[in-house]
>>> print(open('final_4.cif').read())   # mmCIF, C-alpha atoms and all ligand atoms
data_my_file
#
loop_
_atom_site.label_atom_id
_atom_site.label_comp_id
_atom_site.auth_asym_id
_atom_site.auth_seq_id
_atom_site.Cartn_x
_atom_site.Cartn_y
_atom_site.Cartn_z
CA MET A 13 8.42 -14.81 -13.93
CA ASN A 14 8.10 -12.36 -11.05
CA LEU A 15 8.66 -14.20 -7.76
CA TYR A 16 7.48 -11.17 -5.79
CA TYR A 17 4.08 -11.41 -7.49
CA LEU A 18 3.73 -15.08 -6.58
CA MET A 19 4.33 -14.09 -2.94
CA THR A 20 1.64 -11.39 -3.38
CA THR A 21 -0.99 -13.99 -4.32
CA LEU A 22 -0.04 -15.90 -1.18
CA PHE A 23 -0.45 -12.88 1.08
CA VAL A 24 -3.72 -11.79 -0.58
CA GLY A 25 -5.05 -15.32 0.07
CA ALA A 26 -3.99 -15.07 3.72
CA ALA A 27 -5.63 -11.62 3.94
CA VAL A 28 -8.99 -13.18 2.94
CA LEU A 29 -8.74 -15.62 5.85
CA THR A 30 -7.79 -13.00 8.46
CA ALA A 31 -10.54 -10.58 7.34
CA ALA A 32 -13.08 -13.42 7.63
CA ASP A 33 -11.67 -14.21 11.07
CA ALA A 34 -12.20 -10.59 12.21
CA SER A 35 -15.84 -10.81 11.17
CA LEU A 36 -16.40 -14.05 13.08
CA THR A 37 -14.55 -12.93 16.23
CA SER A 38 -16.62 -9.70 16.34
CA LEU A 39 -19.74 -11.90 16.53
CA ASN A 40 -18.05 -14.08 19.18
CA LEU A 41 -18.20 -17.06 16.82
CA LEU A 42 -14.43 -17.51 17.15
CA PRO A 43 -12.15 -16.67 20.10
CA TRP A 44 -9.72 -13.70 19.82
CA PHE A 45 -6.15 -14.72 19.13
CA THR A 46 -3.54 -12.30 20.47
CA GLY A 47 -1.50 -10.78 17.68
CA LEU A 48 -3.99 -11.52 14.92
CA ARG A 49 -4.96 -7.87 14.72
CA TRP A 50 -1.34 -6.98 13.92
CA LEU A 51 -1.14 -9.84 11.43
CA ARG A 52 -4.34 -8.79 9.65
CA ILE A 53 -3.08 -5.28 8.85
CA HIS A 54 0.48 -6.31 8.09
CA LEU A 55 -0.41 -9.20 5.77
CA ILE A 56 -1.77 -6.43 3.55
CA THR A 57 0.80 -3.68 4.13
CA LEU A 58 4.02 -5.52 4.82
CA GLY A 59 2.99 -8.67 2.95
CA ALA A 60 1.04 -8.02 -0.26
CA MET A 61 1.88 -4.31 -0.74
CA THR A 62 5.61 -4.53 -0.03
CA GLU A 63 5.98 -7.52 -2.36
CA VAL A 64 4.33 -5.63 -5.19
CA ILE A 65 6.37 -2.50 -4.52
CA PHE A 66 9.67 -4.41 -4.51
CA GLY A 67 8.71 -6.48 -7.55
CA THR A 68 7.56 -3.50 -9.61
CA LEU A 69 9.63 -0.38 -8.99
CA PRO A 70 12.97 -1.34 -10.63
CA GLN A 71 11.12 -2.60 -13.71
CA LEU A 72 8.95 0.51 -13.99
CA VAL A 73 11.91 2.87 -13.61
CA ALA A 74 13.82 0.90 -16.25
CA ILE A 75 10.86 1.18 -18.67
CA ARG A 76 10.47 4.92 -18.06
CA TYR A 77 14.24 5.43 -18.45
CA GLY A 78 14.38 3.43 -21.68
CA ARG A 79 16.78 0.89 -20.15
CA PRO A 80 16.76 -2.91 -20.44
CA ARG A 81 14.90 -4.90 -17.78
CA PRO A 82 17.10 -5.00 -14.64
CA ALA A 83 18.42 -8.39 -13.51
CA PHE A 84 16.50 -10.09 -10.69
CA ARG A 85 18.16 -9.23 -7.37
CA TRP A 86 18.15 -12.41 -5.27
CA ASP A 87 19.87 -10.58 -2.39
CA ILE A 88 16.92 -8.15 -2.08
CA TRP A 89 14.28 -10.85 -2.56
CA LEU A 90 15.78 -13.12 0.08
CA THR A 91 16.41 -10.41 2.71
CA LEU A 92 12.89 -9.03 2.24
CA ASN A 93 11.09 -12.37 2.34
CA ILE A 94 13.05 -13.93 5.20
CA GLY A 95 12.58 -10.65 7.11
CA ILE A 96 8.80 -10.55 6.51
CA LEU A 97 8.40 -14.19 7.50
CA LEU A 98 10.38 -13.68 10.73
CA LEU A 99 8.23 -10.66 11.61
CA LEU A 100 4.95 -12.40 10.76
CA VAL A 101 5.93 -15.20 13.12
CA GLY A 102 7.81 -13.12 15.72
CA ILE A 103 5.43 -10.21 16.35
CA PRO A 104 2.25 -12.18 17.21
CA ILE A 105 4.19 -14.33 19.70
CA MET A 106 6.34 -11.34 20.80
CA ASN A 107 9.68 -13.06 20.34
CA GLU A 108 12.46 -10.45 20.67
CA ALA A 109 15.12 -12.23 18.60
CA LEU A 110 12.74 -12.85 15.67
CA ILE A 111 11.48 -9.25 15.72
CA TYR A 112 15.04 -7.82 15.76
CA ALA A 113 16.20 -10.17 13.00
CA GLY A 114 13.07 -9.65 10.86
CA GLY A 115 13.10 -5.85 11.25
CA THR A 116 16.82 -5.67 10.42
CA LEU A 117 16.42 -7.79 7.27
CA VAL A 118 13.44 -5.78 5.96
CA PHE A 119 15.41 -2.59 6.72
CA ILE A 120 18.40 -3.90 4.72
CA ALA A 121 16.14 -4.95 1.82
CA ALA A 122 14.56 -1.47 1.69
CA GLY A 123 18.02 0.14 1.82
CA LEU A 124 19.23 -2.07 -1.06
CA LEU A 125 16.18 -1.21 -3.16
CA ILE A 126 16.71 2.51 -2.58
CA ALA A 127 20.36 2.10 -3.66
CA GLN A 128 19.28 0.20 -6.79
CA LEU A 129 16.74 2.88 -7.79
CA TRP A 130 19.18 5.68 -6.93
CA GLY A 131 21.79 4.17 -9.24
CA MET A 132 19.46 3.95 -12.28
CA ARG A 133 20.02 6.60 -14.96
CA PRO A 134 18.06 7.41 -18.16
CA ALA A 135 19.43 5.72 -21.29
CA HIS A 136 21.55 7.96 -23.54
CA GLY A 137 19.36 9.73 -26.03
CA SER A 138 16.13 9.24 -24.05
CA ASN A 139 13.91 12.28 -23.81
CA ALA A 140 15.29 14.24 -20.81
CA SER A 141 11.99 15.88 -19.91
CA THR A 142 10.12 12.53 -20.02
CA ALA A 143 12.79 10.98 -17.80
CA GLU A 144 12.45 13.86 -15.35
CA HIS A 145 8.67 13.46 -14.96
CA THR A 146 8.66 9.91 -13.64
CA GLY A 147 7.72 8.23 -10.37
CA ARG A 148 11.36 7.45 -9.43
CA PRO A 149 11.90 10.33 -6.93
CA PHE A 150 8.53 9.47 -5.30
CA TYR A 151 9.72 5.87 -4.84
CA ILE A 152 13.03 6.92 -3.31
CA VAL A 153 11.44 9.36 -0.85
CA GLY A 154 8.64 6.88 -0.02
CA LEU A 155 11.09 4.06 0.68
CA SER A 156 13.18 6.40 2.86
CA PHE A 157 10.06 6.95 4.98
CA PHE A 158 9.74 3.16 5.10
CA LEU A 159 13.20 2.92 6.73
CA LEU A 160 11.97 5.27 9.44
CA GLY A 161 8.65 3.41 9.72
CA ILE A 162 10.47 0.10 10.27
CA LEU A 163 12.64 1.66 12.98
CA ILE A 164 9.61 3.06 14.81
CA GLY A 165 7.59 -0.16 14.22
CA VAL A 166 10.26 -2.47 15.64
CA GLY A 167 10.82 0.02 18.46
CA LEU A 168 7.13 -0.21 19.44
CA TRP A 169 7.84 -3.62 20.99
CA PHE A 170 11.02 -2.52 22.75
CA ASN A 171 9.98 0.92 23.99
CA TRP A 172 12.49 2.78 21.85
CA ALA A 173 10.16 5.77 21.96
CA GLY A 174 12.10 6.96 25.03
CA TRP A 175 15.52 7.33 23.42
CA LEU A 176 14.01 8.36 20.09
CA ARG A 177 11.96 10.95 22.07
CA ILE A 178 8.75 10.04 20.22
CA SER A 179 5.67 11.34 22.06
CA VAL A 180 2.98 9.22 20.30
CA PRO A 181 4.89 6.27 18.76
CA LEU A 182 2.02 4.23 17.24
CA GLU A 183 0.65 7.29 15.45
CA ALA A 184 4.16 8.21 14.27
CA HIS A 185 4.55 4.66 12.88
CA ILE A 186 1.19 4.73 11.07
CA HIS A 187 1.83 8.20 9.65
CA THR A 188 5.34 7.32 8.43
CA ASN A 189 4.14 4.25 6.58
CA SER A 190 0.79 5.57 5.31
CA TRP A 191 1.39 9.24 4.50
CA GLY A 192 5.08 8.64 3.83
CA LEU A 193 5.71 5.25 2.21
CA MET A 194 2.33 4.35 0.71
CA SER A 195 1.20 7.84 -0.42
CA LEU A 196 4.44 8.59 -2.22
CA VAL A 197 4.80 5.18 -3.82
CA PHE A 198 1.15 5.22 -4.94
CA ALA A 199 1.65 8.68 -6.44
CA GLY A 200 4.69 7.37 -8.34
CA LEU A 201 2.72 4.35 -9.55
CA LEU A 202 -0.11 6.57 -10.80
CA ILE A 203 2.37 8.78 -12.64
CA ASP A 204 4.19 5.86 -14.27
CA THR A 205 1.22 3.65 -15.16
CA TYR A 206 -1.46 6.22 -16.05
CA PRO A 207 -0.56 6.58 -19.75
CA SER A 208 -0.79 2.82 -20.10
CA TRP A 209 -4.20 2.17 -18.46
CA ALA A 210 -5.81 5.51 -19.34
CA GLY A 211 -4.31 5.73 -22.84
CA ARG A 212 -3.42 9.42 -22.43
CA PRO A 213 -0.98 11.60 -20.47
CA LEU A 214 -1.69 13.23 -17.10
CA ALA A 215 -3.32 16.64 -17.29
CA TRP A 216 -0.25 18.68 -16.23
CA PRO A 217 3.02 16.68 -16.38
CA ARG A 218 4.91 19.77 -15.16
CA SER A 219 3.01 19.65 -11.87
CA ILE A 220 4.77 16.39 -10.93
CA ARG A 221 7.78 18.14 -9.34
CA PRO A 222 5.73 20.52 -7.12
CA ILE A 223 3.48 17.59 -6.13
CA LEU A 224 6.59 15.64 -5.07
CA TRP A 225 7.80 18.48 -2.82
CA LEU A 226 4.36 19.21 -1.35
CA MET A 227 3.74 15.55 -0.59
CA SER A 228 7.21 14.91 0.85
CA PHE A 229 7.17 17.92 3.17
CA GLY A 230 3.54 17.19 4.02
CA ALA A 231 4.46 13.65 5.05
CA LEU A 232 7.40 14.97 7.08
CA GLY A 233 5.07 17.32 8.98
CA LEU A 234 2.62 14.46 9.54
CA VAL A 235 5.42 12.35 11.04
CA LEU A 236 6.91 15.15 13.16
CA GLY A 237 3.41 16.01 14.50
CA PRO A 238 2.98 12.86 16.64
CA TRP A 239 6.76 12.55 17.13
CA LEU A 240 6.97 15.95 18.88
CA ASN A 241 3.30 16.02 19.86
CA SER A 242 2.96 19.33 18.05
CA ARG A 243 0.10 20.67 15.98
CA TRP A 244 2.53 23.17 14.47
CA PHE A 245 3.92 20.35 12.35
CA LEU A 246 0.79 18.19 12.07
CA VAL A 247 -1.64 20.77 10.66
CA PRO A 248 0.66 22.30 7.99
CA GLY A 249 1.77 18.76 7.10
CA LEU A 250 -1.84 17.72 6.60
CA LEU A 251 -2.59 20.77 4.45
CA LEU A 252 0.47 20.27 2.24
CA HIS A 253 -0.20 16.56 1.86
CA GLN A 254 -3.89 16.99 1.06
CA THR A 255 -3.11 19.71 -1.49
CA ALA A 256 -0.62 17.41 -3.21
CA THR A 257 -3.07 14.49 -3.22
CA PHE A 258 -5.89 16.64 -4.58
CA TRP A 259 -3.64 18.05 -7.33
CA LEU A 260 -2.50 14.55 -8.29
CA LEU A 261 -6.08 13.29 -8.49
CA LEU A 262 -7.08 16.28 -10.62
CA ASN A 263 -4.23 15.32 -12.94
CA VAL A 264 -5.78 11.86 -13.19
CA VAL A 265 -9.45 12.85 -13.50
CA LYS A 266 -9.31 15.89 -15.80
CA PRO A 267 -8.16 14.05 -18.96
CA LEU A 268 -10.92 11.46 -18.41
CA VAL A 269 -13.78 13.96 -18.15
CA GLY A 270 -16.26 13.42 -20.97
CA ASP A 271 -14.97 9.91 -21.76
CA ARG A 272 -17.82 7.67 -20.58
CA ARG A 273 -15.93 4.51 -21.52
CA MET A 274 -13.33 5.17 -18.84
CA PHE A 275 -15.91 5.80 -16.11
CA ALA A 276 -17.63 2.52 -17.02
CA LYS A 277 -14.56 0.67 -15.70
CA PRO A 278 -14.71 -0.45 -12.05
CA GLY A 279 -10.87 -0.35 -11.82
CA VAL A 280 -10.86 3.41 -12.41
CA TRP A 281 -13.46 3.83 -9.66
CA HIS A 282 -11.40 1.62 -7.32
CA VAL A 283 -8.47 4.02 -7.72
CA LEU A 284 -10.59 7.14 -7.24
CA THR A 285 -12.79 5.97 -4.35
CA SER A 286 -9.79 4.54 -2.50
CA TYR A 287 -8.69 8.13 -1.87
CA LEU A 288 -11.97 8.85 -0.03
CA TRP A 289 -10.71 6.60 2.77
CA ILE A 290 -7.47 8.46 3.28
CA SER A 291 -9.51 11.66 3.51
CA ALA A 292 -12.00 10.28 6.07
CA PRO A 293 -9.59 10.50 9.06
CA VAL A 294 -8.53 13.94 7.84
CA MET A 295 -12.13 15.16 8.00
CA VAL A 296 -12.72 13.99 11.58
CA ALA A 297 -9.20 14.91 12.81
CA PRO A 298 -10.16 18.55 13.60
CA LEU A 299 -13.13 17.28 15.67
CA ILE A 300 -10.80 15.06 17.73
CA LEU A 301 -8.18 17.81 18.07
CA LEU A 302 -10.88 20.22 19.32
CA SER A 303 -12.31 17.50 21.65
CA VAL A 304 -15.84 18.05 20.28
CA ARG A 305 -18.48 16.36 22.52
CA GLY A 306 -19.95 13.11 21.14
CA ILE A 307 -16.86 12.39 19.02
CA PRO A 308 -15.40 9.15 20.44
CA GLY A 309 -11.70 10.04 19.96
CA PRO A 310 -10.16 6.79 21.38
CA THR A 311 -12.61 4.56 19.41
CA ILE A 312 -11.76 6.46 16.23
CA GLU A 313 -8.03 6.11 16.90
CA ALA A 314 -8.47 2.34 17.46
CA ASN A 315 -10.58 1.73 14.34
CA ALA A 316 -9.68 4.36 11.75
CA PRO A 317 -6.38 2.66 10.79
CA GLN A 318 -8.32 -0.42 9.70
CA ALA A 319 -10.61 1.56 7.40
CA LEU A 320 -7.53 3.32 6.06
CA ILE A 321 -5.74 0.08 5.23
CA TYR A 322 -8.71 -1.84 3.75
CA GLY A 323 -10.43 1.18 2.16
CA TRP A 324 -7.41 3.00 0.76
CA VAL A 325 -4.23 0.84 0.68
CA PHE A 326 -5.86 -2.47 -0.22
CA GLN A 327 -8.48 -0.97 -2.52
CA PHE A 328 -5.76 0.84 -4.48
CA GLY A 329 -4.15 -2.60 -4.76
CA PHE A 330 -7.43 -4.12 -6.01
CA ALA A 331 -7.01 -1.97 -9.13
CA MET A 332 -3.22 -1.92 -9.39
CA PHE A 333 -2.25 -5.53 -8.56
CA PRO A 334 -4.14 -7.17 -11.48
CA PHE A 335 -2.89 -4.43 -13.83
CA LEU A 336 0.74 -5.10 -12.87
CA PHE A 337 0.19 -8.86 -12.87
CA ARG A 338 -1.20 -8.74 -16.44
CA ARG A 339 1.80 -6.73 -17.61
CA ALA A 340 4.20 -9.23 -16.03
CA PHE A 341 2.49 -12.56 -16.71
CA LEU A 342 0.52 -11.87 -19.90
CA PRO A 343 2.62 -9.31 -21.79
CA ASP A 344 0.82 -10.01 -25.08
CA GLU A 345 -2.57 -8.91 -23.72
CA PRO A 346 -3.69 -5.33 -23.04
CA ALA A 347 -3.24 -4.57 -19.34
CA ARG A 348 -6.26 -3.13 -17.54
CA LEU A 349 -6.97 -2.19 -13.94
CA GLY A 350 -8.46 -4.90 -11.74
CA GLY A 351 -11.66 -5.35 -9.74
CA ASN A 352 -15.34 -5.51 -10.65
CA TRP A 353 -18.57 -3.76 -9.59
CA PHE A 354 -19.06 -6.23 -6.74
CA SER A 355 -15.58 -5.68 -5.23
CA LEU A 356 -16.09 -1.93 -5.64
CA ALA A 357 -19.42 -1.92 -3.80
CA ALA A 358 -18.29 -4.36 -1.08
CA VAL A 359 -15.01 -2.66 -0.17
CA ASN A 360 -16.60 0.80 0.06
CA LEU A 361 -19.66 -0.41 1.96
CA GLY A 362 -17.22 -2.14 4.36
CA GLY A 363 -15.57 1.22 5.04
CA ILE A 364 -18.97 2.87 5.65
CA PHE A 365 -20.01 0.12 8.10
CA LEU A 366 -16.71 0.38 9.97
CA TRP A 367 -17.05 4.15 10.40
CA VAL A 368 -20.72 3.83 11.42
CA SER A 369 -19.71 1.17 14.01
CA ILE A 370 -17.51 3.81 15.66
CA PHE A 371 -20.41 6.21 16.21
CA ILE A 372 -23.19 3.74 17.15
CA GLU A 373 -21.47 2.04 20.07
CA PRO A 374 -24.27 -0.38 21.12
CA LEU A 375 -24.31 -1.90 17.63
CA GLY A 376 -20.51 -1.68 17.37
CA PRO A 377 -19.58 -5.42 17.28
CA THR A 378 -22.34 -6.31 14.78
CA LEU A 379 -21.50 -3.45 12.42
CA HIS A 380 -17.80 -4.28 12.80
CA ALA A 381 -18.55 -7.89 11.83
CA ILE A 382 -20.52 -6.73 8.77
CA ALA A 383 -17.64 -4.44 7.74
CA TYR A 384 -15.14 -7.29 7.86
CA GLY A 385 -17.62 -9.64 6.16
CA LEU A 386 -17.91 -7.14 3.28
CA TRP A 387 -14.13 -6.72 3.08
CA THR A 388 -13.69 -10.50 2.96
CA ALA A 389 -16.23 -10.69 0.15
CA ALA A 390 -14.46 -7.85 -1.69
CA ILE A 391 -11.03 -9.49 -1.54
CA ILE A 392 -12.19 -12.90 -2.84
CA PRO A 393 -12.75 -11.85 -6.52
CA ILE A 394 -9.42 -10.00 -6.50
CA ALA A 395 -7.60 -13.05 -5.10
CA ILE A 396 -9.24 -15.20 -7.80
CA GLU A 397 -8.37 -12.67 -10.53
CA LEU A 398 -4.71 -12.59 -9.42
CA TRP A 399 -4.51 -16.34 -9.17
CA GLN A 400 -6.02 -16.81 -12.66
CA ILE A 401 -3.59 -14.32 -14.22
CA ALA A 402 -0.60 -15.97 -12.49
CA ARG A 403 -1.79 -19.45 -13.53
CA ARG A 404 -2.28 -18.44 -17.17
CA GLY A 405 1.12 -16.75 -17.11
CA LEU A 406 2.82 -19.86 -15.73
CA THR A 407 1.06 -22.09 -18.30
CA ARG A 408 2.24 -19.71 -21.04
CA LEU A 409 5.82 -19.97 -19.75
CA ASP A 410 5.56 -23.79 -19.70
CA THR A 411 4.31 -23.82 -23.31
CA LEU A 412 7.10 -21.48 -24.38
CA SER A 413 9.78 -23.60 -22.71
CA GLU A 414 8.29 -26.82 -24.18
CA ARG A 415 8.39 -25.25 -27.65
CA ALA A 416 11.98 -24.14 -27.08
CA ALA A 417 12.90 -27.71 -26.05
CA GLU A 418 11.26 -29.11 -29.22
CA VAL A 419 13.38 -26.94 -31.53
CA PRO A 420 16.12 -29.30 -32.78
CA ALA A 421 19.65 -28.20 -31.97
CA ASP A 422 21.83 -27.31 -35.00
C1 LIG B 1 9.00 -3.85 9.35
C2 LIG B 1 7.89 -3.21 9.20
C3 LIG B 1 6.85 -2.98 10.29
C4 LIG B 1 6.87 -3.25 11.63
C5 LIG B 1 7.98 -3.87 12.44
C6 LIG B 1 5.59 -2.83 12.18
C7 LIG B 1 5.22 -2.91 13.50
C8 LIG B 1 4.02 -2.48 14.02
C9 LIG B 1 3.62 -2.59 15.40
C10 LIG B 1 4.50 -3.16 16.49
C11 LIG B 1 2.37 -2.08 15.53
C12 LIG B 1 1.56 -1.94 16.82
C13 LIG B 1 0.57 -3.05 16.96
C14 LIG B 1 -0.36 -2.85 18.13
O1 LIG B 1 -0.20 -1.89 18.89
O2 LIG B 1 -1.29 -3.64 18.23
C15 LIG B 1 1.95 -1.65 14.22
C16 LIG B 1 0.72 -1.11 13.94
C17 LIG B 1 0.37 -0.63 12.71
N1 LIG B 1 1.16 -0.62 11.57
FE1 LIG B 1 2.98 -1.45 11.36
N2 LIG B 1 4.82 -2.31 11.16
C18 LIG B 1 5.57 -2.38 9.99
C19 LIG B 1 5.17 -1.95 8.73
C20 LIG B 1 4.00 -1.29 8.46
C21 LIG B 1 3.64 -0.79 7.17
C22 LIG B 1 4.45 -0.92 5.88
C23 LIG B 1 2.42 -0.20 7.31
C24 LIG B 1 1.68 0.48 6.17
C25 LIG B 1 0.81 1.41 6.24
C26 LIG B 1 2.02 -0.33 8.71
C27 LIG B 1 0.83 0.13 9.25
C28 LIG B 1 0.43 -0.07 10.55
C29 LIG B 1 -0.89 0.29 11.05
C30 LIG B 1 -2.02 0.90 10.23
C31 LIG B 1 -0.93 -0.08 12.40
C32 LIG B 1 -2.11 0.08 13.37
C33 LIG B 1 -2.88 -1.22 13.37
C34 LIG B 1 -4.15 -1.19 14.19
O3 LIG B 1 -4.52 -0.18 14.77
O4 LIG B 1 -4.80 -2.26 14.23
N3 LIG B 1 3.01 -0.99 9.38
N4 LIG B 1 2.98 -1.92 13.32
#
>>> encode(input="final_4.cif", output="structure tokens")
Amino acid sequence: MNLYYLMTTLFVGAAVLTAADASLTSLNLLPWFTGLRWLRIHLITLGAMTEVIFGTLPQLVAIRYGRPRPAFRWDIWLTLNIGILLLLVGIPIMNEALIYAGGTLVFIAAGLLIAQLWGMRPAHGSNASTAEHTGRPFYIVGLSFFLLGILIGVGLWFNWAGWLRISVPLEAHIHTNSWGLMSLVFAGLLIDTYPSWAGRPLAWPRSIRPILWLMSFGALGLVLGPWLNSRWFLVPGLLLHQTATFWLLLNVVKPLVGDRRMFAKPGVWHVLTSYLWISAPVMVAPLILLSVRGIPGPTIEANAPQALIYGWVFQFGFAMFPFLFRRAFLPDEPARLGGNWFSLAAVNLGGIFLWVSIFIEPLGPTLHAIAYGLWTAAIIPIAIELWQIARRGLTRLDTLSERAAEVPAD
């Protein structure tokens, strides 16, 4: 049983409640609660996503390397989960000791996971070229960005930007975790799981190495841009990163062209449309940089991260979480991507409403409320799907252990 995945169901459930709360507070039906905005985003990113990442990567690398399933690491599980809980309590109430302790524990957990992945080697006799084209280096680079993201994130509360000489700390934090951690880990997940849910290899397996370099240096430029307040890093970083993302998606889409069955699956569309929402800020970024009239730069900066997290990060999870859950809890059944047509329509309409709310200021709160209402509605079927898979998996384990107990001892 994967304890990380059980924690994921918990955080996805909590994410439904906080998204619903954002809808109601926008309509003034509930009062604002300080810190809830932080909690809403981080229940998804630090809660649900991190749990899945930690619970999945060692297993996936072991499978790709032809090695036995790695033993469960209680040290990593405990440091991560105690750390997350301390942060989820400490940040909304701004308690220094809890934030330091929580940040340090999550940092240690990420460091331990990197060390575990670093130490894994392909089994003797496994195909060297297959072992080379795996998601492992993406995971290691992504998690290294996470270490930096934690440092900047914790520092946001203690004004570390001064001694770290970070010009725009919040942007540096968001870029490190989104373009660094999430982008690279998602790329690795696509590379490692694609043959299993698409039933075929990526279009150009040899492109994996160049994609890794382009994406890693792109993310570095995107972090150094706000860190040094320099477009000389930001713009090339953006170009490298976008090129890598586009190339990766072509790798995914090309083998599916002409296969109508695949495009009739909402999970495939969840994966593909999620990437629209990481491109949306990229498309308006030049308008903000050039200070074009009528483009509300500060409103975009305040709202775009939410569309990014719900539209891209969480939507990618809508497809990937149920797939990984099925593999872990119901290994005898074919694993497929998650989501349905309703979740697909609701999550993407939510993103559209949020972006429209930025540009039509008088209707802002109402459109904002509709966006969060749609996101709440989109998460509910996913939460139910995850819960049903976990419940069936636990029942299966119970039945297996009962049968084992019934076998008479020799
Ligand atoms: C230990 C880990 C983390 C810590 C300590 C942390 C801390 C913070 C802090 C202090 C803020 C500023 C909140 C504010 O100004 O209202 C913030 C914002 C943000 N963080 Fe994190 N964070 C962490 C992990 C992550 C991860 C993994 C992501 C993934 C993408 C992420 C994405 C964001 C985003 C998008 C915002 C902007 C939220 C908004 O505008 O509403 N953070 N974080």
>>> closest_residue(input="final_4.cif", among="A:Ala26, A:Leu176, A:Leu36, A:Leu98", to="ligand LIG 1 (chain B)", atoms="all atoms listed in the file")
A:Leu98
>>> residues_near_ligand(input="final_4.cif", ligand="ligand LIG 1 (chain B)", cutoff="9 Å", atoms="all atoms listed in the file", output="PyMOL selection string")
chain A and resi 47-54+56-59+61-62+95-96+99+103+111-112+114-119+158-159+161-169+182-183+185-194+313-318+320-321+325
>>> residues_near_point(input="final_4.cif", point="(-16.2, -6.6, 1.8)", cutoff="8 Å", atoms="all atoms listed in the file", output="list of chain:residue names")
A:Ser355, A:Ala357, A:Ala358, A:Val359, A:Asn360, A:Leu361, A:Gly362, A:Ala383, A:Tyr384, A:Gly385, A:Leu386, A:Trp387, A:Thr388, A:Ala389, A:Ala390, A:Ile391
>>> write_last_selection(input="final_4.cif", atoms="C-alpha atoms", output="compact mmCIF listing (two decimals), in the coordinates of the input")
# COMPACT_ATOMS: atom_id res chain seq x y z
CA SER A 355 -15.58 -5.68 -5.23
CA ALA A 357 -19.42 -1.92 -3.80
CA ALA A 358 -18.29 -4.36 -1.08
CA VAL A 359 -15.01 -2.66 -0.17
CA ASN A 360 -16.60 0.80 0.06
CA LEU A 361 -19.66 -0.41 1.96
CA GLY A 362 -17.22 -2.14 4.36
CA ALA A 383 -17.64 -4.44 7.74
CA TYR A 384 -15.14 -7.29 7.86
CA GLY A 385 -17.62 -9.64 6.16
CA LEU A 386 -17.91 -7.14 3.28
CA TRP A 387 -14.13 -6.72 3.08
CA THR A 388 -13.69 -10.50 2.96
CA ALA A 389 -16.23 -10.69 0.15
CA ALA A 390 -14.46 -7.85 -1.69
CA ILE A 391 -11.03 -9.49 -1.54
>>> closest_residue(input="final_4.cif", among="A:Gln400, A:Asn171, A:Thr146, A:Asn263", to="Asp204 of chain A", atoms="all atoms listed in the file")
A:Thr146
>>> atom_distance(input="final_4.cif", atom1="atom CA of Phe328 of chain A", atom2="atom CA of Leu299 of chain A")
27.0 Å
>>> residues_around(input="final_4.cif", residues="segment 368-373 of chain A", least_positions_apart="3", cutoff="8 Å", atoms="all atoms listed in the file", output="ChimeraX atom specification")
/A:307-308,311-312,315,364-365,376-380
>>> atom_distance(input="final_4.cif", atom1="atom CA of Arg85 of chain A", atom2="atom CA of Ile220 of chain A")
29.1 Å
>>> residues_near_point(input="final_4.cif", point="(-12.4, -5.7, -9.9)", cutoff="8 Å", atoms="only C-alpha atoms", output="ChimeraX atom specification")
/A:278-279,282,330-331,349-356,393-394
>>> atom_distance(input="final_4.cif", atom1="atom CA of Leu100 of chain A", atom2="atom CA of Asp33 of chain A")
16.7 Å
>>> decode(input="final_4.cif", residues="segment 173-182 of chain A", atoms="N, CA and C atoms", output="PDB file, in the first residue's frame")
ATOM      1  N   ALA A 173      15.511  37.781   1.067  1.00  0.00           N
ATOM      2  CA  ALA A 173      15.828  38.259  -0.274  1.00  0.00           C
ATOM      3  C   ALA A 173      17.038  39.186  -0.232  1.00  0.00           C
ATOM      4  N   GLY A 174      17.206  39.915   0.901  1.00  0.00           N
ATOM      5  CA  GLY A 174      18.327  40.851   1.024  1.00  0.00           C
ATOM      6  C   GLY A 174      19.664  40.133   0.917  1.00  0.00           C
ATOM      7  N   TRP A 175      19.893  39.151   1.832  1.00  0.00           N
ATOM      8  CA  TRP A 175      21.215  38.502   1.775  1.00  0.00           C
ATOM      9  C   TRP A 175      21.358  37.541   0.612  1.00  0.00           C
ATOM     10  N   LEU A 176      20.205  37.060   0.084  1.00  0.00           N
ATOM     11  CA  LEU A 176      20.308  36.214  -1.119  1.00  0.00           C
ATOM     12  C   LEU A 176      20.390  37.073  -2.389  1.00  0.00           C
ATOM     13  N   ARG A 177      20.225  38.400  -2.204  1.00  0.00           N
ATOM     14  CA  ARG A 177      20.260  39.377  -3.313  1.00  0.00           C
ATOM     15  C   ARG A 177      19.245  39.034  -4.419  1.00  0.00           C
ATOM     16  N   ILE A 178      18.017  38.658  -3.979  1.00  0.00           N
ATOM     17  CA  ILE A 178      16.970  38.357  -4.962  1.00  0.00           C
ATOM     18  C   ILE A 178      16.142  39.619  -5.185  1.00  0.00           C
ATOM     19  N   SER A 179      16.043  40.054  -6.450  1.00  0.00           N
ATOM     20  CA  SER A 179      15.325  41.310  -6.734  1.00  0.00           C
ATOM     21  C   SER A 179      13.816  41.128  -6.598  1.00  0.00           C
ATOM     22  N   VAL A 180      13.248  40.055  -7.208  1.00  0.00           N
ATOM     23  CA  VAL A 180      11.790  39.854  -7.156  1.00  0.00           C
ATOM     24  C   VAL A 180      11.528  38.458  -6.561  1.00  0.00           C
ATOM     25  N   PRO A 181      11.537  38.360  -5.205  1.00  0.00           N
ATOM     26  CA  PRO A 181      11.555  37.032  -4.578  1.00  0.00           C
ATOM     27  C   PRO A 181      10.337  36.156  -4.864  1.00  0.00           C
ATOM     28  N   LEU A 182       9.103  36.728  -4.850  1.00  0.00           N
ATOM     29  CA  LEU A 182       7.928  35.870  -5.055  1.00  0.00           C
ATOM     30  C   LEU A 182       7.968  35.238  -6.447  1.00  0.00           C
TER      31      LEU A 182
END
